[in-house]
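This is start_26.cif. It holds mmCIF, N, CA and C atoms.
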```cif
data_upload
#
loop_
_atom_site.label_atom_id
_atom_site.label_comp_id
_atom_site.auth_asym_id
_atom_site.auth_seq_id
_atom_site.Cartn_x
_atom_site.Cartn_y
_atom_site.Cartn_z
N MET A 1 55.33 4.57 11.36
CA MET A 1 54.92 5.94 11.20
C MET A 1 55.38 6.45 9.85
N THR A 2 54.51 7.22 9.22
CA THR A 2 54.83 7.75 7.90
C THR A 2 55.02 9.25 8.00
N GLU A 3 56.07 9.72 7.40
CA GLU A 3 56.29 11.16 7.34
C GLU A 3 56.07 11.60 5.91
N GLY A 4 55.57 12.81 5.72
CA GLY A 4 55.37 13.34 4.38
C GLY A 4 55.57 14.83 4.36
N ARG A 5 55.57 15.36 3.20
CA ARG A 5 55.71 16.80 3.04
C ARG A 5 54.30 17.38 2.97
N VAL A 6 54.01 18.33 3.85
CA VAL A 6 52.67 18.89 3.97
C VAL A 6 52.76 20.40 3.88
N ASP A 7 51.84 21.00 3.11
CA ASP A 7 51.78 22.46 3.02
C ASP A 7 51.14 22.96 4.30
N ASP A 8 51.76 23.93 4.96
CA ASP A 8 51.24 24.41 6.24
C ASP A 8 50.23 25.54 6.08
N GLY A 9 49.81 25.85 4.85
CA GLY A 9 48.80 26.89 4.63
C GLY A 9 49.39 28.27 4.49
N PHE A 10 50.68 28.44 4.71
CA PHE A 10 51.33 29.74 4.59
C PHE A 10 52.32 29.75 3.44
N GLY A 11 52.16 28.79 2.50
CA GLY A 11 53.04 28.73 1.36
C GLY A 11 54.35 28.03 1.63
N ARG A 12 54.49 27.43 2.82
CA ARG A 12 55.71 26.71 3.17
C ARG A 12 55.38 25.23 3.24
N THR A 13 56.34 24.42 2.89
CA THR A 13 56.17 22.98 2.99
C THR A 13 57.08 22.48 4.09
N SER A 14 56.56 21.60 4.95
CA SER A 14 57.36 21.11 6.06
C SER A 14 57.07 19.63 6.29
N ASN A 15 57.98 18.94 6.97
CA ASN A 15 57.78 17.54 7.34
C ASN A 15 56.86 17.48 8.55
N ARG A 16 55.89 16.61 8.49
CA ARG A 16 54.97 16.42 9.61
C ARG A 16 54.73 14.94 9.79
N VAL A 17 54.52 14.51 10.97
CA VAL A 17 54.18 13.12 11.23
C VAL A 17 52.70 12.97 10.94
N LEU A 18 52.38 12.15 9.93
CA LEU A 18 50.99 12.04 9.47
C LEU A 18 50.15 11.12 10.33
N TRP A 19 50.76 10.27 11.13
CA TRP A 19 49.96 9.33 11.92
C TRP A 19 49.05 10.05 12.89
N LEU A 20 49.43 11.24 13.35
CA LEU A 20 48.59 11.99 14.27
C LEU A 20 47.29 12.39 13.60
N ALA A 21 47.36 12.83 12.35
CA ALA A 21 46.16 13.19 11.61
C ALA A 21 45.28 11.97 11.37
N LEU A 22 45.91 10.84 11.04
CA LEU A 22 45.15 9.62 10.80
C LEU A 22 44.51 9.10 12.08
N LEU A 23 45.17 9.28 13.20
CA LEU A 23 44.65 8.84 14.49
C LEU A 23 43.39 9.62 14.87
N SER A 24 43.30 10.87 14.47
CA SER A 24 42.15 11.69 14.86
C SER A 24 40.92 11.41 14.02
N LEU A 25 41.07 10.77 12.86
CA LEU A 25 39.92 10.49 12.00
C LEU A 25 38.88 9.59 12.67
N PRO A 26 39.24 8.48 13.31
CA PRO A 26 38.22 7.65 13.95
C PRO A 26 37.46 8.41 15.04
N LEU A 27 38.11 9.31 15.74
CA LEU A 27 37.43 10.09 16.77
C LEU A 27 36.38 11.00 16.16
N ALA A 28 36.68 11.59 15.03
CA ALA A 28 35.72 12.48 14.37
C ALA A 28 34.53 11.70 13.86
N ALA A 29 34.72 10.44 13.49
CA ALA A 29 33.64 9.65 12.94
C ALA A 29 32.70 9.12 14.01
N CYS A 30 33.07 9.18 15.29
CA CYS A 30 32.26 8.63 16.37
C CYS A 30 31.07 9.51 16.73
N GLY A 31 30.99 10.70 16.25
CA GLY A 31 29.88 11.56 16.58
C GLY A 31 30.36 12.97 16.81
N PRO A 32 29.43 13.92 17.02
CA PRO A 32 29.81 15.31 17.14
C PRO A 32 30.64 15.61 18.38
N GLY A 33 30.44 14.90 19.48
CA GLY A 33 31.22 15.16 20.68
C GLY A 33 31.06 16.61 21.13
N LYS A 34 32.04 17.09 21.85
CA LYS A 34 32.02 18.47 22.31
C LYS A 34 32.58 19.37 21.21
N PRO A 35 31.95 20.51 20.96
CA PRO A 35 32.48 21.42 19.95
C PRO A 35 33.81 22.01 20.41
N SER A 36 34.63 22.36 19.45
CA SER A 36 35.93 22.95 19.78
C SER A 36 35.72 24.32 20.42
N SER A 37 36.72 24.76 21.18
CA SER A 37 36.61 26.07 21.83
C SER A 37 36.51 27.18 20.79
N ALA A 38 37.16 27.00 19.63
CA ALA A 38 37.08 28.01 18.58
C ALA A 38 35.65 28.10 18.04
N ARG A 39 35.00 26.94 17.86
CA ARG A 39 33.63 26.94 17.36
C ARG A 39 32.69 27.58 18.38
N VAL A 40 32.87 27.24 19.65
CA VAL A 40 32.03 27.81 20.72
C VAL A 40 32.21 29.33 20.76
N ALA A 41 33.45 29.81 20.67
CA ALA A 41 33.71 31.25 20.70
C ALA A 41 33.06 31.93 19.50
N ALA A 42 33.14 31.32 18.32
CA ALA A 42 32.53 31.91 17.13
C ALA A 42 31.01 31.98 17.26
N GLU A 43 30.41 30.91 17.80
CA GLU A 43 28.96 30.91 17.99
C GLU A 43 28.53 31.95 19.02
N GLN A 44 29.30 32.08 20.10
CA GLN A 44 28.97 33.08 21.12
C GLN A 44 29.10 34.49 20.55
N ALA A 45 30.10 34.72 19.73
CA ALA A 45 30.28 36.04 19.11
C ALA A 45 29.10 36.36 18.21
N ARG A 46 28.64 35.35 17.43
CA ARG A 46 27.50 35.58 16.56
C ARG A 46 26.25 35.87 17.37
N GLU A 47 26.04 35.11 18.45
CA GLU A 47 24.85 35.30 19.29
C GLU A 47 24.89 36.65 19.99
N SER A 48 26.05 37.06 20.48
CA SER A 48 26.13 38.34 21.19
C SER A 48 25.97 39.51 20.24
N ALA A 49 26.36 39.32 18.97
CA ALA A 49 26.19 40.38 17.99
C ALA A 49 24.71 40.54 17.65
N GLY A 50 23.96 39.41 17.75
CA GLY A 50 22.52 39.36 17.56
C GLY A 50 21.91 40.43 16.70
N ASP A 51 21.33 41.44 17.32
CA ASP A 51 20.57 42.45 16.61
C ASP A 51 21.42 43.59 16.08
N LEU A 52 22.71 43.59 16.33
CA LEU A 52 23.56 44.69 15.89
C LEU A 52 24.08 44.44 14.49
N ARG A 53 23.18 44.33 13.54
CA ARG A 53 23.54 44.10 12.14
C ARG A 53 23.33 45.39 11.35
N ILE A 54 24.23 45.59 10.40
CA ILE A 54 24.14 46.78 9.55
C ILE A 54 24.22 46.36 8.09
N PRO A 55 23.70 47.19 7.20
CA PRO A 55 23.84 46.92 5.76
C PRO A 55 25.30 47.10 5.34
N CYS A 56 25.79 46.17 4.53
CA CYS A 56 27.15 46.26 4.02
C CYS A 56 27.19 45.66 2.62
N ALA A 57 28.24 46.00 1.88
CA ALA A 57 28.41 45.47 0.53
C ALA A 57 29.88 45.48 0.20
N ARG A 58 30.26 44.57 -0.67
CA ARG A 58 31.63 44.50 -1.16
C ARG A 58 31.62 44.76 -2.66
N GLY A 59 32.55 45.60 -3.11
CA GLY A 59 32.64 45.89 -4.53
C GLY A 59 31.35 46.48 -5.06
N THR A 60 30.82 45.91 -6.13
CA THR A 60 29.60 46.43 -6.74
C THR A 60 28.35 45.69 -6.26
N ALA A 61 28.48 44.83 -5.27
CA ALA A 61 27.34 44.06 -4.74
C ALA A 61 26.33 45.00 -4.10
N VAL A 62 25.09 44.54 -4.02
CA VAL A 62 24.04 45.32 -3.38
C VAL A 62 24.19 45.20 -1.86
N PHE A 63 23.68 46.20 -1.14
CA PHE A 63 23.73 46.18 0.32
C PHE A 63 22.83 45.08 0.85
N GLN A 64 23.34 44.37 1.85
CA GLN A 64 22.56 43.38 2.59
C GLN A 64 22.86 43.57 4.07
N THR A 65 21.87 43.38 4.91
CA THR A 65 22.04 43.56 6.34
C THR A 65 22.59 42.28 6.95
N VAL A 66 23.89 42.04 6.70
CA VAL A 66 24.53 40.80 7.15
C VAL A 66 25.79 41.04 7.97
N CYS A 67 26.27 42.26 8.03
CA CYS A 67 27.48 42.55 8.81
C CYS A 67 27.09 42.85 10.25
N THR A 68 27.93 42.42 11.17
CA THR A 68 27.69 42.74 12.58
C THR A 68 28.64 43.85 13.00
N ILE A 69 28.25 44.55 14.04
CA ILE A 69 29.07 45.67 14.51
C ILE A 69 29.24 45.57 16.02
N GLU A 70 30.46 45.76 16.46
CA GLU A 70 30.79 45.74 17.89
C GLU A 70 31.37 47.10 18.25
N GLN A 71 31.05 47.59 19.42
CA GLN A 71 31.59 48.86 19.90
C GLN A 71 32.47 48.61 21.11
N THR A 72 33.67 49.16 21.09
CA THR A 72 34.57 49.06 22.22
C THR A 72 35.22 50.41 22.45
N LYS A 73 35.73 50.60 23.64
CA LYS A 73 36.42 51.85 23.99
C LYS A 73 37.91 51.59 23.89
N GLY A 74 38.59 52.31 23.01
CA GLY A 74 40.03 52.19 22.86
C GLY A 74 40.74 53.39 23.47
N GLU A 75 42.05 53.38 23.41
CA GLU A 75 42.84 54.49 23.95
C GLU A 75 42.54 55.80 23.23
N THR A 76 42.22 55.70 21.95
CA THR A 76 41.98 56.92 21.16
C THR A 76 40.50 57.27 21.02
N GLY A 77 39.62 56.46 21.59
CA GLY A 77 38.18 56.73 21.52
C GLY A 77 37.39 55.48 21.22
N GLN A 78 36.16 55.68 20.79
CA GLN A 78 35.26 54.57 20.52
C GLN A 78 35.64 53.90 19.20
N ILE A 79 35.79 52.58 19.22
CA ILE A 79 36.16 51.78 18.06
C ILE A 79 34.95 50.95 17.64
N LEU A 80 34.63 50.98 16.36
CA LEU A 80 33.60 50.12 15.79
C LEU A 80 34.30 49.02 15.00
N THR A 81 34.01 47.78 15.33
CA THR A 81 34.54 46.66 14.56
C THR A 81 33.39 46.07 13.77
N ILE A 82 33.50 46.13 12.46
CA ILE A 82 32.46 45.63 11.57
C ILE A 82 32.94 44.30 11.01
N ARG A 83 32.13 43.27 11.19
CA ARG A 83 32.51 41.92 10.75
C ARG A 83 31.60 41.45 9.61
N HIS A 84 32.23 40.93 8.57
CA HIS A 84 31.50 40.32 7.45
C HIS A 84 31.20 38.87 7.80
N PRO A 85 30.20 38.28 7.16
CA PRO A 85 29.86 36.88 7.45
C PRO A 85 31.01 35.91 7.20
N ASP A 86 31.94 36.25 6.30
CA ASP A 86 33.05 35.34 5.99
C ASP A 86 34.22 35.48 6.96
N GLY A 87 34.08 36.35 7.98
CA GLY A 87 35.13 36.52 8.98
C GLY A 87 36.00 37.74 8.77
N ALA A 88 35.95 38.35 7.59
CA ALA A 88 36.72 39.58 7.36
C ALA A 88 36.15 40.68 8.24
N PHE A 89 36.99 41.66 8.61
CA PHE A 89 36.50 42.74 9.45
C PHE A 89 37.23 44.04 9.14
N ARG A 90 36.61 45.14 9.52
CA ARG A 90 37.18 46.48 9.42
C ARG A 90 36.98 47.17 10.76
N ARG A 91 37.93 48.04 11.12
CA ARG A 91 37.82 48.80 12.37
C ARG A 91 37.76 50.27 12.04
N LEU A 92 36.80 50.96 12.66
CA LEU A 92 36.62 52.40 12.47
C LEU A 92 36.69 53.10 13.81
N LEU A 93 37.27 54.28 13.82
CA LEU A 93 37.35 55.12 15.01
C LEU A 93 36.30 56.21 14.88
N VAL A 94 35.43 56.35 15.88
CA VAL A 94 34.41 57.39 15.87
C VAL A 94 35.08 58.71 16.25
N THR A 95 34.84 59.74 15.45
CA THR A 95 35.45 61.04 15.71
C THR A 95 34.40 62.02 16.23
N ASP A 96 34.86 63.10 16.85
CA ASP A 96 33.94 64.14 17.30
C ASP A 96 34.25 65.46 16.60
N ASP A 97 34.94 65.38 15.46
CA ASP A 97 35.31 66.58 14.73
C ASP A 97 34.47 66.82 13.48
N GLY A 98 33.35 66.09 13.36
CA GLY A 98 32.46 66.29 12.24
C GLY A 98 32.66 65.30 11.10
N ARG A 99 33.73 64.52 11.13
CA ARG A 99 33.96 63.55 10.05
C ARG A 99 33.14 62.28 10.22
N GLY A 100 32.70 61.99 11.42
CA GLY A 100 31.93 60.78 11.69
C GLY A 100 32.82 59.65 12.13
N VAL A 101 33.52 59.02 11.18
CA VAL A 101 34.44 57.93 11.48
C VAL A 101 35.66 58.03 10.56
N VAL A 102 36.75 57.43 11.02
CA VAL A 102 37.96 57.29 10.21
C VAL A 102 38.44 55.86 10.37
N ALA A 103 39.30 55.41 9.47
CA ALA A 103 39.87 54.08 9.59
C ALA A 103 40.70 54.02 10.87
N ALA A 104 40.50 53.01 11.67
CA ALA A 104 41.23 52.88 12.94
C ALA A 104 42.62 52.30 12.72
N ASP A 105 42.80 51.59 11.63
CA ASP A 105 44.11 51.02 11.34
C ASP A 105 44.21 50.77 9.84
N GLY A 106 45.39 50.49 9.38
CA GLY A 106 45.59 50.23 7.96
C GLY A 106 45.89 51.51 7.20
N ALA A 107 46.19 51.35 5.92
CA ALA A 107 46.60 52.48 5.10
C ALA A 107 45.44 53.08 4.31
N GLU A 108 44.31 52.40 4.26
CA GLU A 108 43.19 52.91 3.48
C GLU A 108 42.44 54.01 4.23
N VAL A 109 41.98 54.99 3.49
CA VAL A 109 41.24 56.11 4.06
C VAL A 109 39.75 55.82 3.95
N ALA A 110 39.01 56.07 5.02
CA ALA A 110 37.56 55.90 5.02
C ALA A 110 36.92 57.12 4.38
N LYS A 111 36.08 56.88 3.36
CA LYS A 111 35.32 57.94 2.72
C LYS A 111 33.92 57.90 3.32
N VAL A 112 33.47 59.04 3.85
CA VAL A 112 32.20 59.10 4.56
C VAL A 112 31.28 60.07 3.86
N GLY A 113 30.02 59.66 3.66
CA GLY A 113 29.02 60.52 3.06
C GLY A 113 27.70 60.38 3.79
N LEU A 114 26.88 61.42 3.73
CA LEU A 114 25.56 61.39 4.37
C LEU A 114 24.58 60.61 3.51
N ILE A 115 23.67 59.89 4.17
CA ILE A 115 22.58 59.23 3.48
C ILE A 115 21.28 59.67 4.12
N GLU A 116 20.21 59.53 3.40
CA GLU A 116 18.90 59.95 3.89
C GLU A 116 18.53 59.18 5.15
N GLY A 117 17.92 59.84 6.10
CA GLY A 117 17.45 59.20 7.32
C GLY A 117 18.46 59.21 8.45
N ASN A 118 19.28 60.26 8.53
CA ASN A 118 20.26 60.40 9.60
C ASN A 118 21.21 59.21 9.68
N GLY A 119 21.93 58.99 8.62
CA GLY A 119 22.92 57.93 8.60
C GLY A 119 24.10 58.35 7.75
N ILE A 120 25.13 57.52 7.78
CA ILE A 120 26.29 57.77 6.94
C ILE A 120 26.62 56.50 6.18
N GLU A 121 27.22 56.69 5.01
CA GLU A 121 27.73 55.57 4.25
C GLU A 121 29.24 55.68 4.26
N VAL A 122 29.90 54.62 4.65
CA VAL A 122 31.35 54.60 4.78
C VAL A 122 31.90 53.64 3.73
N GLU A 123 32.88 54.13 2.96
CA GLU A 123 33.56 53.30 1.98
C GLU A 123 35.01 53.15 2.43
N LEU A 124 35.44 51.93 2.54
CA LEU A 124 36.80 51.63 2.98
C LEU A 124 37.34 50.57 2.03
N GLY A 125 38.20 50.98 1.12
CA GLY A 125 38.63 50.08 0.05
C GLY A 125 37.42 49.78 -0.82
N SER A 126 37.15 48.52 -1.07
CA SER A 126 35.97 48.15 -1.86
C SER A 126 34.78 47.78 -0.99
N ASP A 127 34.92 47.92 0.33
CA ASP A 127 33.84 47.61 1.27
C ASP A 127 33.04 48.86 1.57
N ARG A 128 31.71 48.68 1.67
CA ARG A 128 30.82 49.81 1.97
C ARG A 128 29.89 49.43 3.11
N TYR A 129 29.63 50.41 3.98
CA TYR A 129 28.80 50.19 5.17
C TYR A 129 27.83 51.34 5.34
N ARG A 130 26.65 51.06 5.83
CA ARG A 130 25.67 52.09 6.19
C ARG A 130 25.49 52.04 7.70
N LEU A 131 25.83 53.16 8.33
CA LEU A 131 25.79 53.25 9.79
C LEU A 131 24.76 54.29 10.22
N PRO A 132 24.05 54.02 11.31
CA PRO A 132 23.19 55.06 11.87
C PRO A 132 24.06 56.16 12.45
N ALA A 133 23.64 57.40 12.31
CA ALA A 133 24.43 58.51 12.84
C ALA A 133 23.51 59.70 13.11
N THR A 134 23.89 60.50 14.07
CA THR A 134 23.19 61.75 14.34
C THR A 134 23.97 62.84 13.64
N VAL A 135 23.30 63.52 12.73
CA VAL A 135 23.96 64.58 11.96
C VAL A 135 23.77 65.89 12.71
N LYS A 136 24.91 66.51 13.09
CA LYS A 136 24.82 67.78 13.83
C LYS A 136 24.20 68.85 12.95
N GLY A 137 23.32 69.61 13.54
CA GLY A 137 22.67 70.70 12.83
C GLY A 137 21.44 70.27 12.07
N ALA A 138 21.17 69.00 12.01
CA ALA A 138 19.97 68.52 11.32
C ALA A 138 18.78 68.66 12.26
N THR A 139 17.68 69.12 11.73
CA THR A 139 16.48 69.27 12.54
C THR A 139 15.59 68.07 12.33
N LYS A 140 15.01 67.63 13.42
CA LYS A 140 14.10 66.49 13.36
C LYS A 140 12.73 66.99 12.92
N PRO A 141 12.01 66.23 12.08
CA PRO A 141 10.67 66.63 11.67
C PRO A 141 9.73 66.62 12.86
N SER A 142 8.82 67.58 12.91
CA SER A 142 7.91 67.65 14.05
C SER A 142 6.55 67.11 13.73
#
```
Target encoding structure tokens, full file:
Amino acid sequence: MTEGRVDDGFGRTSNRVLWLALLSLPLAACGPGKPSSARVAAEQARESAGDLRIPCARGTAVFQTVCTIEQTKGETGQILTIRHPDGAFRRLLVTDDGRGVVAADGAEVAKVGLIEGNGIEVELGSDRYRLPATVKGATKPS
């Protein structure tokens, strides 16, 4: 058995028995086999998000309808979890005081503005999202 120094991905180096990693290589080469539970969970999350996609952008990028949105009920109210295709996510708390949404966690403040067509644009750090919203006091065209 060979031992070596391996970076654990968190900036730390530790001793690990490398034969275990080498032993798993022939199994991976035999075919796809059963997908890992993490892969299955990720695929199910993508499938369940299905049609709940919203336009989003990072930094100065243009908006693309690639972010998914999940709604859950938390202790403080309705929580929106917005997920980027790369796995990053933001959580917003829906308010009933006229602000629309606020950051559900973290130190960054959500900046909210109205957009044409009964929606809001939310900026949180360098991330931007366009969400459907009902604007109070707005009249619908007849």
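Between CA of Lys111 (chain A) and CA of Gly125 (chain A) lies a distance of 8.9 Å.
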Worksheet item: Quick one: distance from atom N of Leu52 (chain A) to atom N of Glu108 (chain A) in Å, one decimal?
Response: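 Interatomic distance, atom N of Leu52 (chain A) to atom N of Glu108 (chain A): 26.3 Å.
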Worksheet item: Which distance in Å separates atom N of Leu80 (chain A) and CA of Val101 (chain A), to one decimal?
Response: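 Interatomic distance here is 8.5 Å.
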Item to complete: Anything within 10 Å of (42.7, 50.9, 9.4): list those residues as a list in words, counting only C-alpha atoms and sticking to the file's coordinates.
Response: Arg90, Arg91, Leu92, Leu93, Val102, Ala103, Ala104, Asp105, Gly106, Ala107, Glu108, Val109, Ala110 and Leu124 of chain A
Around all listed atoms of region 89-95 of chain A, padded 3 Å per side, what centre and edge lengths does the axis-aligned box have in Å to one decimal, as AutoDock Vina command-line options?
```
--center_x 36.2 --center_y 51.8 --center_z 12.4 --size_x 9.5 --size_y 26.4 --size_z 13.6
```
Worksheet item: Got a sec: who's within 6 Å of Cys56 (chain A), counting all atoms listed in the file, leaving out chain neighbours fewer than 4 positions off, as a ChimeraX atom specification?
Response: /A:62-67,128-130
Practice prompt. Could you expand the PyMOL selection byres ((chain A and resi 85) around 6.5) into the explicit residues it covers here, written as an MDAnalysis selection string?
Written response: chainID A and resid 66:68 83:84 86:88
